[in-house]
>>> print(open('final-v3.cif').read())   # mmCIF, C-alpha atoms
data_query
loop_
_atom_site.group_PDB
_atom_site.id
_atom_site.type_symbol
_atom_site.label_atom_id
_atom_site.label_comp_id
_atom_site.auth_asym_id
_atom_site.auth_seq_id
_atom_site.Cartn_x
_atom_site.Cartn_y
_atom_site.Cartn_z
ATOM 1 C CA MET A 3 0.000 0.000 0.000
ATOM 2 C CA LYS A 4 1.340 3.401 -0.992
ATOM 3 C CA ILE A 5 1.896 5.782 1.915
ATOM 4 C CA GLN A 6 0.351 9.152 1.146
ATOM 5 C CA GLU A 7 2.459 12.241 1.675
ATOM 6 C CA ALA A 8 0.863 15.464 2.869
ATOM 7 C CA GLN A 9 1.351 18.407 0.528
ATOM 8 C CA ILE A 10 -0.962 20.995 2.107
ATOM 9 C CA ILE A 11 -1.837 20.967 5.812
ATOM 10 C CA VAL A 12 -4.445 23.378 7.179
ATOM 11 C CA GLN A 13 -4.381 23.749 10.968
ATOM 12 C CA ASN A 14 -7.030 25.593 13.018
ATOM 13 C CA VAL A 15 -7.567 28.177 10.261
ATOM 14 C CA THR A 16 -10.138 30.945 10.641
ATOM 15 C CA ILE A 17 -11.061 33.386 7.871
ATOM 16 C CA ALA A 18 -12.720 36.609 8.983
ATOM 17 C CA TYR A 19 -13.401 40.026 7.524
ATOM 18 C CA GLY A 20 -13.371 42.466 10.413
ATOM 19 C CA ASP A 21 -15.783 41.140 13.023
ATOM 20 C CA PHE A 22 -17.499 38.819 10.538
ATOM 21 C CA VAL A 23 -16.222 35.239 10.782
ATOM 22 C CA LEU A 24 -16.701 33.460 7.461
ATOM 23 C CA LEU A 25 -15.089 30.119 8.352
ATOM 24 C CA LYS A 26 -13.586 28.961 11.629
ATOM 25 C CA ASP A 27 -11.377 26.245 13.099
ATOM 26 C CA MET A 28 -10.668 24.414 9.843
ATOM 27 C CA ASN A 29 -8.402 21.369 9.862
ATOM 28 C CA PHE A 30 -7.701 19.195 6.821
ATOM 29 C CA THR A 31 -4.865 17.724 4.766
ATOM 30 C CA ILE A 32 -4.408 17.552 0.996
ATOM 31 C CA ASN A 33 -2.072 14.711 0.016
ATOM 32 C CA LYS A 34 0.247 14.636 -2.975
ATOM 33 C CA GLY A 35 -1.616 13.300 -5.983
ATOM 34 C CA ASP A 36 -5.041 14.034 -4.496
ATOM 35 C CA ILE A 37 -7.978 15.372 -6.437
ATOM 36 C CA PHE A 38 -9.378 17.321 -3.514
ATOM 37 C CA ILE A 39 -12.834 18.896 -3.677
ATOM 38 C CA ILE A 40 -13.889 21.990 -1.740
ATOM 39 C CA MET A 41 -17.677 21.859 -1.922
ATOM 40 C CA GLY A 42 -20.711 23.549 -0.444
ATOM 41 C CA GLY A 43 -23.587 25.833 -1.327
ATOM 42 C CA SER A 44 -23.447 29.465 -2.411
ATOM 43 C CA GLY A 45 -21.976 31.803 0.174
ATOM 44 C CA CYS A 46 -20.287 29.102 2.250
ATOM 45 C CA GLY A 47 -16.785 30.479 1.648
ATOM 46 C CA LYS A 48 -15.420 28.111 -1.025
ATOM 47 C CA SER A 49 -13.790 30.831 -3.123
ATOM 48 C CA SER A 50 -12.515 32.642 -0.021
ATOM 49 C CA LEU A 51 -10.809 29.460 1.127
ATOM 50 C CA LEU A 52 -9.289 29.033 -2.331
ATOM 51 C CA ARG A 53 -7.900 32.576 -2.175
ATOM 52 C CA VAL A 54 -6.327 31.731 1.178
ATOM 53 C CA LEU A 55 -4.771 28.528 -0.147
ATOM 54 C CA THR A 56 -3.294 30.414 -3.101
ATOM 55 C CA GLY A 57 -1.908 33.171 -0.877
ATOM 56 C CA LEU A 58 -4.164 35.924 -2.211
ATOM 57 C CA THR A 59 -5.985 36.458 1.109
ATOM 58 C CA PRO A 60 -4.404 36.321 4.595
ATOM 59 C CA ILE A 61 -5.763 34.091 7.325
ATOM 60 C CA THR A 62 -7.096 35.500 10.584
ATOM 61 C CA LYS A 63 -5.865 32.598 12.698
ATOM 62 C CA GLY A 64 -4.100 29.277 12.251
ATOM 63 C CA LYS A 65 -1.389 27.863 9.996
ATOM 64 C CA ILE A 66 -1.132 26.559 6.449
ATOM 65 C CA PHE A 67 1.830 24.380 5.537
ATOM 66 C CA ILE A 68 2.754 23.800 1.892
ATOM 67 C CA ASP A 69 5.459 21.187 1.409
ATOM 68 C CA GLY A 70 6.336 21.576 5.079
ATOM 69 C CA ILE A 71 6.706 25.369 4.999
ATOM 70 C CA ASN A 72 4.409 27.587 7.083
ATOM 71 C CA PHE A 73 3.271 29.748 4.183
ATOM 72 C CA PHE A 74 2.068 32.840 6.024
ATOM 73 C CA GLN A 75 5.226 32.981 8.133
ATOM 74 C CA ALA A 76 7.580 32.295 5.227
ATOM 75 C CA THR A 77 9.938 34.808 3.679
ATOM 76 C CA GLN A 78 8.912 36.434 0.422
ATOM 77 C CA GLU A 79 11.506 34.345 -1.392
ATOM 78 C CA GLN A 80 10.041 31.131 0.060
ATOM 79 C CA LYS A 81 6.520 32.251 -0.865
ATOM 80 C CA ASP A 82 7.595 32.993 -4.436
ATOM 81 C CA ILE A 83 9.175 29.538 -4.774
ATOM 82 C CA LEU A 84 6.042 27.855 -3.426
ATOM 83 C CA MET A 85 3.746 29.860 -5.685
ATOM 84 C CA HIS A 86 5.807 28.975 -8.750
ATOM 85 C CA ARG A 87 4.967 25.354 -7.949
ATOM 86 C CA CYS A 88 1.268 26.158 -8.290
ATOM 87 C CA GLY A 89 -1.061 26.868 -11.191
ATOM 88 C CA ILE A 90 -4.570 28.330 -11.112
ATOM 89 C CA LEU A 91 -7.490 27.947 -13.507
ATOM 90 C CA TYR A 92 -9.877 30.804 -12.792
ATOM 91 C CA GLN A 93 -13.614 30.452 -13.274
ATOM 92 C CA SER A 94 -13.639 32.575 -16.436
ATOM 93 C CA GLY A 95 -10.364 31.187 -17.780
ATOM 94 C CA ALA A 96 -8.901 34.718 -17.336
ATOM 95 C CA LEU A 97 -7.181 34.719 -20.720
ATOM 96 C CA PHE A 98 -5.858 38.006 -22.051
ATOM 97 C CA SER A 99 -8.231 38.865 -24.895
ATOM 98 C CA SER A 100 -5.606 40.798 -26.876
ATOM 99 C CA MET A 101 -3.253 37.794 -26.956
ATOM 100 C CA THR A 102 -3.486 34.561 -28.915
ATOM 101 C CA LEU A 103 -3.734 31.301 -27.007
ATOM 102 C CA ALA A 104 -0.050 30.661 -27.672
ATOM 103 C CA GLU A 105 0.892 34.097 -26.355
ATOM 104 C CA ASN A 106 -1.217 33.565 -23.235
ATOM 105 C CA ILE A 107 0.522 30.276 -22.470
ATOM 106 C CA ALA A 108 3.971 31.640 -23.289
ATOM 107 C CA LEU A 109 3.596 34.560 -20.854
ATOM 108 C CA PRO A 110 4.511 32.763 -17.591
ATOM 109 C CA LEU A 111 7.377 30.995 -19.354
ATOM 110 C CA GLN A 112 8.719 34.348 -20.537
ATOM 111 C CA GLN A 113 8.353 35.928 -17.103
ATOM 112 C CA TYR A 114 9.654 33.152 -14.864
ATOM 113 C CA THR A 115 12.200 31.203 -16.921
ATOM 114 C CA ASN A 116 15.301 31.870 -19.001
ATOM 115 C CA TYR A 117 14.179 29.535 -21.765
ATOM 116 C CA SER A 118 14.954 30.409 -25.364
ATOM 117 C CA PRO A 119 12.090 31.536 -27.638
ATOM 118 C CA LYS A 120 12.431 28.250 -29.543
ATOM 119 C CA LEU A 121 12.028 26.161 -26.385
ATOM 120 C CA ILE A 122 9.118 28.294 -25.209
ATOM 121 C CA ASN A 123 7.329 27.773 -28.533
ATOM 122 C CA GLU A 124 7.876 24.009 -28.237
ATOM 123 C CA LEU A 125 6.532 23.978 -24.682
ATOM 124 C CA VAL A 126 3.487 26.035 -25.707
ATOM 125 C CA GLU A 127 2.662 23.501 -28.433
ATOM 126 C CA LEU A 128 3.127 20.683 -25.913
ATOM 127 C CA LYS A 129 0.738 22.284 -23.390
ATOM 128 C CA LEU A 130 -1.850 22.952 -26.091
ATOM 129 C CA ALA A 131 -1.621 19.326 -27.200
ATOM 130 C CA LEU A 132 -1.959 18.187 -23.579
ATOM 131 C CA VAL A 133 -5.371 19.870 -23.290
ATOM 132 C CA GLY A 134 -6.553 18.881 -26.760
ATOM 133 C CA LEU A 135 -5.962 22.232 -28.457
ATOM 134 C CA TYR A 136 -3.032 21.424 -30.733
ATOM 135 C CA GLY A 137 -3.171 23.726 -33.770
ATOM 136 C CA PHE A 138 -5.201 26.432 -32.038
ATOM 137 C CA GLY A 139 -2.255 28.528 -30.861
ATOM 138 C CA GLU A 140 -2.932 31.436 -33.218
ATOM 139 C CA PHE A 141 -6.602 31.743 -32.243
ATOM 140 C CA TYR A 142 -7.773 34.537 -29.950
ATOM 141 C CA PRO A 143 -10.035 33.822 -26.955
ATOM 142 C CA SER A 144 -12.979 35.462 -28.731
ATOM 143 C CA GLU A 145 -12.679 32.929 -31.559
ATOM 144 C CA ILE A 146 -13.145 29.776 -29.473
ATOM 145 C CA SER A 147 -15.885 28.217 -27.344
ATOM 146 C CA GLY A 148 -16.279 28.447 -23.588
ATOM 147 C CA GLY A 149 -15.015 24.912 -23.082
ATOM 148 C CA MET A 150 -11.973 25.599 -25.221
ATOM 149 C CA LYS A 151 -11.253 28.757 -23.205
ATOM 150 C CA LYS A 152 -11.250 26.680 -20.018
ATOM 151 C CA ARG A 153 -8.829 24.206 -21.598
ATOM 152 C CA ALA A 154 -6.604 27.036 -22.841
ATOM 153 C CA GLY A 155 -6.638 28.503 -19.342
ATOM 154 C CA LEU A 156 -5.612 25.095 -18.013
ATOM 155 C CA ALA A 157 -2.763 24.924 -20.539
ATOM 156 C CA ARG A 158 -1.500 28.250 -19.182
ATOM 157 C CA ALA A 159 -1.893 27.019 -15.595
ATOM 158 C CA LEU A 160 0.277 24.021 -16.539
ATOM 159 C CA ALA A 161 2.919 26.098 -18.334
ATOM 160 C CA LEU A 162 5.475 25.915 -15.511
ATOM 161 C CA ASP A 163 4.794 22.237 -14.722
ATOM 162 C CA PRO A 164 3.217 22.961 -11.330
ATOM 163 C CA GLU A 165 2.971 20.371 -8.574
ATOM 164 C CA ILE A 166 -0.424 21.758 -7.499
ATOM 165 C CA VAL A 167 -3.216 23.122 -9.707
ATOM 166 C CA TYR A 168 -6.205 24.982 -8.263
ATOM 167 C CA PHE A 169 -9.539 25.104 -10.108
ATOM 168 C CA ASP A 170 -12.228 27.682 -9.296
ATOM 169 C CA GLU A 171 -15.632 26.321 -10.425
ATOM 170 C CA PRO A 172 -14.216 24.741 -13.616
ATOM 171 C CA SER A 173 -17.646 23.632 -14.870
ATOM 172 C CA ALA A 174 -19.269 27.066 -14.492
ATOM 173 C CA GLY A 175 -20.897 28.165 -17.755
ATOM 174 C CA LEU A 176 -20.209 24.899 -19.554
ATOM 175 C CA ASP A 177 -22.708 22.542 -21.140
ATOM 176 C CA PRO A 178 -22.765 18.951 -19.789
ATOM 177 C CA ILE A 179 -20.599 17.570 -22.598
ATOM 178 C CA SER A 180 -17.903 20.237 -22.198
ATOM 179 C CA SER A 181 -18.028 19.795 -18.432
ATOM 180 C CA LYS A 182 -17.508 16.023 -18.780
ATOM 181 C CA LEU A 183 -14.592 16.577 -21.169
ATOM 182 C CA LEU A 184 -12.961 18.908 -18.653
ATOM 183 C CA ASP A 185 -13.484 16.386 -15.847
ATOM 184 C CA ASP A 186 -11.832 13.711 -18.001
ATOM 185 C CA LEU A 187 -8.934 16.055 -18.691
ATOM 186 C CA ILE A 188 -8.455 16.707 -14.968
ATOM 187 C CA LEU A 189 -8.359 12.943 -14.341
ATOM 188 C CA ASP A 190 -5.853 12.439 -17.175
ATOM 189 C CA ILE A 191 -3.525 15.150 -15.868
ATOM 190 C CA ASN A 192 -3.734 13.807 -12.333
ATOM 191 C CA HIS A 193 -3.031 10.253 -13.508
ATOM 192 C CA SER A 194 -0.309 10.977 -16.064
ATOM 193 C CA LEU A 195 1.560 13.785 -14.280
ATOM 194 C CA GLY A 196 0.767 13.025 -10.635
ATOM 195 C CA THR A 197 -0.376 16.622 -10.185
ATOM 196 C CA THR A 198 -2.170 17.493 -6.960
ATOM 197 C CA ILE A 199 -5.492 19.066 -7.896
ATOM 198 C CA VAL A 200 -7.737 21.213 -5.707
ATOM 199 C CA VAL A 201 -11.200 21.962 -7.107
ATOM 200 C CA VAL A 202 -13.815 24.394 -5.813
ATOM 201 C CA THR A 203 -17.218 23.280 -7.090
ATOM 202 C CA HIS A 204 -20.849 22.669 -6.234
ATOM 203 C CA GLU A 205 -21.490 20.491 -9.309
ATOM 204 C CA LEU A 206 -22.458 17.004 -8.108
ATOM 205 C CA GLU A 207 -21.487 15.183 -11.305
ATOM 206 C CA SER A 208 -17.962 16.583 -11.187
ATOM 207 C CA ILE A 209 -17.682 15.953 -7.442
ATOM 208 C CA PHE A 210 -18.467 12.248 -7.844
ATOM 209 C CA ASN A 211 -16.595 11.824 -11.146
ATOM 210 C CA ILE A 212 -13.232 13.168 -10.061
ATOM 211 C CA GLY A 213 -13.144 13.626 -6.279
ATOM 212 C CA LYS A 214 -10.778 11.429 -4.246
ATOM 213 C CA ASN A 215 -11.138 13.452 -1.060
ATOM 214 C CA SER A 216 -13.174 16.484 -0.032
ATOM 215 C CA ILE A 217 -14.433 18.906 2.551
ATOM 216 C CA PHE A 218 -17.987 20.218 2.789
ATOM 217 C CA LEU A 219 -18.280 23.816 4.017
ATOM 218 C CA ASP A 220 -21.387 24.394 6.107
ATOM 219 C CA ALA A 221 -22.621 27.958 5.543
ATOM 220 C CA GLU A 222 -24.850 27.924 8.611
ATOM 221 C CA GLN A 223 -22.226 26.569 11.019
ATOM 222 C CA ARG A 224 -19.406 28.473 9.248
ATOM 223 C CA LYS A 225 -17.072 25.510 9.459
ATOM 224 C CA ILE A 226 -16.230 22.174 7.859
ATOM 225 C CA GLY A 227 -19.316 19.993 8.047
ATOM 226 C CA ALA A 228 -17.774 16.856 6.537
ATOM 227 C CA TYR A 229 -14.374 15.550 5.443
ATOM 228 C CA GLY A 230 -13.753 12.493 3.271
ATOM 229 C CA ASN A 231 -14.280 10.792 -0.069
ATOM 230 C CA PRO A 232 -17.428 12.265 -1.693
ATOM 231 C CA LYS A 233 -18.938 8.877 -2.559
ATOM 232 C CA GLU A 234 -18.421 7.659 0.994
ATOM 233 C CA LEU A 235 -20.028 10.840 2.332
ATOM 234 C CA LEU A 236 -22.984 10.199 0.017
ATOM 235 C CA ASN A 237 -23.396 6.665 1.334
ATOM 236 C CA ASN A 238 -22.919 7.682 4.974
ATOM 237 C CA PRO A 239 -23.668 11.407 5.351
ATOM 238 C CA PRO A 240 -22.583 12.658 8.806
ATOM 239 C CA ASN A 241 -25.411 15.189 9.050
ATOM 240 C CA GLN A 242 -28.512 16.484 7.296
ATOM 241 C CA ALA A 243 -26.729 19.425 5.627
ATOM 242 C CA VAL A 244 -24.321 17.075 3.848
ATOM 243 C CA ARG A 245 -27.156 14.725 2.904
ATOM 244 C CA GLN A 246 -29.195 17.552 1.386
ATOM 245 C CA PHE A 247 -26.228 18.935 -0.528
ATOM 246 C CA LEU A 248 -25.067 15.622 -1.994
ATOM 247 C CA THR A 249 -28.580 14.483 -2.931
ATOM 248 C CA ARG A 250 -30.113 17.932 -3.508
ATOM 249 C CA GLY A 251 -32.884 16.790 -1.166
ATOM 250 C CA GLY A 252 -33.538 13.614 -3.158
ATOM 251 C CA LYS A 253 -32.488 10.971 -0.649
#
>>> encode(input="final-v3.cif", output="structure tokens")
Amino acid sequence: MKIQEAQIIVQNVTIAYGDFVLLKDMNFTINKGDIFIIMGGSGCGKSSLLRVLTGLTPITKGKIFIDGINFFQATQEQKDILMHRCGILYQSGALFSSMTLAENIALPLQQYTNYSPKLINELVELKLALVGLYGFGEFYPSEISGGMKKRAGLARALALDPEIVYFDEPSAGLDPISSKLLDDLILDINHSLGTTIVVVTHELESIFNIGKNSIFLDAEQRKIGAYGNPKELLNNPPNQAVRQFLTRGGK
């Protein structure tokens, strides 16, 4: 049996804005190679937690360790190194509209490496091929579909070969077929590259299709209401809030 190695450890974390406590006393671990789901209803704090994990929002209390380093007590140099190991796919794809897909993907390589233009072009083609967009490098975001934009955004997130990739509502705005294709792509990347994947979503099909581990954020209690494999939580929900979320009231 393979021993899992912790990549992200969240200890007693509270997120608050002034006197308003959004989430409190959170404890969970994301192991290397996990596809980890952060799920819950609207307003439960999923995106806020993602911003904390990616270093965009400070925590009010607690500790977050990434590869053994206490992120919010790390030096700026340590933070930069850790962040370069991460990629993010934003909900909208967040592509620069004035750049081609190839230019979008090349941007982080140009900014954070000393690679030659020839090598960068080769890597861009490789990333496009990885997400099923080989030959689309000269297209602009306005010339492709919503699902293709998400895949192009993922290609950019993978540009620096990150160890961790964060997804913010990847299925948002996609039709069921495009959503399933993206789920399959996430599984392929996780399997072939061993990438740790953290997904914020409320979409049940995606949760059950790709999730290996998860937390459920309870908006009413303002804390983690469940922690475990989504299918196991469906079969044995620890409370009514989890049951209602995972069945949408149908079980």
>>> closest_residue(input="final-v3.cif", among="A:Met150, A:Val12, A:Leu187, A:Ala161", to="A:Gly175", atoms="all atoms listed in the file")
A:Met150
>>> resolve_selection(input="final-v3.cif", expression="the PyMOL selection byres ((chain A and resi 219) around 8)", output="JSON, numbers by chain")
{"A": [40, 41, 42, 43, 46, 47, 48, 217, 218, 220, 221, 224, 225, 226, 227, 228]}
>>> resolve_selection(input="final-v3.cif", expression="the PyMOL selection byres ((chain A and resi 90) around 9)", output="ChimeraX atom specification")
/A:56,88-89,91-92,155-156,158-160,166-170
>>> closest_residue(input="final-v3.cif", among="A:Ile11, A:Leu25, A:Leu109, A:Leu195", to="A:Glu165", atoms="all atoms listed in the file")
A:Leu195
>>> atom_distance(input="final-v3.cif", atom1="atom CA of A:Ile68", atom2="atom CA of A:Met85")
9.8 Å
>>> atom_distance(input="final-v3.cif", atom1="atom CA of A:Val201", atom2="atom CA of A:Glu140")
29.0 Å
>>> residues_around(input="final-v3.cif", residues="A:Leu103", least_positions_apart="3", cutoff="10 Å", atoms="only C-alpha atoms", output="PDB file with C-alpha atoms, in the frame of the given file")
ATOM      1  CA  LEU A  97      -7.181  34.719 -20.720  1.00  0.00           C
ATOM      2  CA  PHE A  98      -5.858  38.006 -22.051  1.00  0.00           C
ATOM      3  CA  SER A  99      -8.231  38.865 -24.895  1.00  0.00           C
ATOM      4  CA  SER A 100      -5.606  40.798 -26.876  1.00  0.00           C
ATOM      5  CA  ASN A 106      -1.217  33.565 -23.235  1.00  0.00           C
ATOM      6  CA  ILE A 107       0.522  30.276 -22.470  1.00  0.00           C
ATOM      7  CA  ALA A 108       3.971  31.640 -23.289  1.00  0.00           C
ATOM      8  CA  VAL A 126       3.487  26.035 -25.707  1.00  0.00           C
ATOM      9  CA  LEU A 130      -1.850  22.952 -26.091  1.00  0.00           C
ATOM     10  CA  LEU A 135      -5.962  22.232 -28.457  1.00  0.00           C
ATOM     11  CA  PHE A 138      -5.201  26.432 -32.038  1.00  0.00           C
ATOM     12  CA  GLY A 139      -2.255  28.528 -30.861  1.00  0.00           C
ATOM     13  CA  GLU A 140      -2.932  31.436 -33.218  1.00  0.00           C
ATOM     14  CA  PHE A 141      -6.602  31.743 -32.243  1.00  0.00           C
ATOM     15  CA  TYR A 142      -7.773  34.537 -29.950  1.00  0.00           C
ATOM     16  CA  PRO A 143     -10.035  33.822 -26.955  1.00  0.00           C
ATOM     17  CA  ILE A 146     -13.145  29.776 -29.473  1.00  0.00           C
ATOM     18  CA  LYS A 151     -11.253  28.757 -23.205  1.00  0.00           C
ATOM     19  CA  ALA A 154      -6.604  27.036 -22.841  1.00  0.00           C
ATOM     20  CA  GLY A 155      -6.638  28.503 -19.342  1.00  0.00           C
ATOM     21  CA  ALA A 157      -2.763  24.924 -20.539  1.00  0.00           C
ATOM     22  CA  ARG A 158      -1.500  28.250 -19.182  1.00  0.00           C
TER      23      ARG A 158
END
>>> resolve_selection(input="final-v3.cif", expression="the PyMOL selection byres ((chain A and resi 15) around 7)", output="PyMOL selection string")
chain A and resi 12-14+16-17+26-29+61+63-65
>>> write_last_selection(input="final-v3.cif", atoms="C-alpha atoms", output="CSV table (one decimal), keeping the file's coordinate frame")
chain,number,residue,atom,x,y,z
A,12,VAL,CA,-4.4,23.4,7.2
A,13,GLN,CA,-4.4,23.7,11.0
A,14,ASN,CA,-7.0,25.6,13.0
A,16,THR,CA,-10.1,30.9,10.6
A,17,ILE,CA,-11.1,33.4,7.9
A,26,LYS,CA,-13.6,29.0,11.6
A,27,ASP,CA,-11.4,26.2,13.1
A,28,MET,CA,-10.7,24.4,9.8
A,29,ASN,CA,-8.4,21.4,9.9
A,61,ILE,CA,-5.8,34.1,7.3
A,63,LYS,CA,-5.9,32.6,12.7
A,64,GLY,CA,-4.1,29.3,12.3
A,65,LYS,CA,-1.4,27.9,10.0
>>> closest_residue(input="final-v3.cif", among="A:Glu145, A:Glu171, A:Asp36, A:Asp69", to="A:Lys81", atoms="only C-alpha atoms")
A:Asp69
>>> residues_around(input="final-v3.cif", residues="A:Leu236", least_positions_apart="2", cutoff="10 Å", atoms="all atoms listed in the file", output="PyMOL selection string")
chain A and resi 210+231-234+238-240+244-249+253
>>> atom_distance(input="final-v3.cif", atom1="atom CA of A:Ile39", atom2="atom CA of A:Gly57")
18.2 Å
>>> residues_around(input="final-v3.cif", residues="A:Phe67", least_positions_apart="6", cutoff="10 Å", atoms="all atoms listed in the file", output="PyMOL selection string")
chain A and resi 8-13+31+55+73-76
>>> residues_around(input="final-v3.cif", residues="A:Lys182", least_positions_apart="6", cutoff="12 Å", atoms="all atoms listed in the file", output="ChimeraX atom specification")
/A:149,172-174,176,188-189,205-212
>>> closest_residue(input="final-v3.cif", among="A:Tyr117, A:Glu7, A:Ile122, A:Met101", to="A:Gly70", atoms="all atoms listed in the file")
A:Glu7
>>> closest_residue(input="final-v3.cif", among="A:Leu121, A:Leu235, A:Ile191, A:Leu24", to="A:Ser216", atoms="only C-alpha atoms")
A:Leu235
>>> axis_aligned_box(input="final-v3.cif", around="stretch 77-91 of chain A", padding_each_side="3 Å", output="AutoDock Vina command-line options")
--center_x 2.0 --center_y 30.9 --center_z -4.9 --size_x 25.0 --size_y 17.1 --size_z 23.2
>>> decode(input="final-v3.cif", residues="stretch 82-137 of chain A", atoms="C-alpha atoms", output="CSV table (one decimal), in the first residue's frame")
chain,number,residue,atom,x,y,z
A,82,ASP,CA,7.6,33.0,-4.4
A,83,ILE,CA,9.2,29.5,-4.8
A,84,LEU,CA,6.0,27.9,-3.4
A,85,MET,CA,3.7,29.9,-5.7
A,86,HIS,CA,5.8,29.0,-8.8
A,87,ARG,CA,5.0,25.4,-7.9
A,88,CYS,CA,1.3,26.2,-8.3
A,89,GLY,CA,-1.1,26.9,-11.2
A,90,ILE,CA,-4.6,28.3,-11.1
A,91,LEU,CA,-7.5,27.9,-13.5
A,92,TYR,CA,-9.9,30.8,-12.8
A,93,GLN,CA,-13.6,30.5,-13.3
A,94,SER,CA,-13.6,32.6,-16.4
A,95,GLY,CA,-10.4,31.2,-17.8
A,96,ALA,CA,-8.9,34.7,-17.3
A,97,LEU,CA,-7.2,34.7,-20.7
A,98,PHE,CA,-5.9,38.0,-22.1
A,99,SER,CA,-8.2,38.9,-24.9
A,100,SER,CA,-5.6,40.8,-26.9
A,101,MET,CA,-3.3,37.8,-27.0
A,102,THR,CA,-3.5,34.6,-28.9
A,103,LEU,CA,-3.7,31.3,-27.0
A,104,ALA,CA,-0.1,30.7,-27.7
A,105,GLU,CA,0.9,34.1,-26.4
A,106,ASN,CA,-1.2,33.6,-23.2
A,107,ILE,CA,0.5,30.3,-22.5
A,108,ALA,CA,4.0,31.6,-23.3
A,109,LEU,CA,3.6,34.6,-20.9
A,110,PRO,CA,4.5,32.8,-17.6
A,111,LEU,CA,7.4,31.0,-19.4
A,112,GLN,CA,8.7,34.3,-20.5
A,113,GLN,CA,8.4,35.9,-17.1
A,114,TYR,CA,9.7,33.2,-14.9
A,115,THR,CA,12.2,31.2,-16.9
A,116,ASN,CA,15.3,31.9,-19.0
A,117,TYR,CA,14.2,29.5,-21.8
A,118,SER,CA,15.0,30.4,-25.4
A,119,PRO,CA,12.1,31.5,-27.6
A,120,LYS,CA,12.4,28.3,-29.5
A,121,LEU,CA,12.0,26.2,-26.4
A,122,ILE,CA,9.1,28.3,-25.2
A,123,ASN,CA,7.3,27.8,-28.5
A,124,GLU,CA,7.9,24.0,-28.2
A,125,LEU,CA,6.5,24.0,-24.7
A,126,VAL,CA,3.5,26.0,-25.7
A,127,GLU,CA,2.7,23.5,-28.4
A,128,LEU,CA,3.1,20.7,-25.9
A,129,LYS,CA,0.7,22.3,-23.4
A,130,LEU,CA,-1.9,23.0,-26.1
A,131,ALA,CA,-1.6,19.3,-27.2
A,132,LEU,CA,-2.0,18.2,-23.6
A,133,VAL,CA,-5.4,19.9,-23.3
A,134,GLY,CA,-6.6,18.9,-26.8
A,135,LEU,CA,-6.0,22.2,-28.5
A,136,TYR,CA,-3.0,21.4,-30.7
A,137,GLY,CA,-3.2,23.7,-33.8
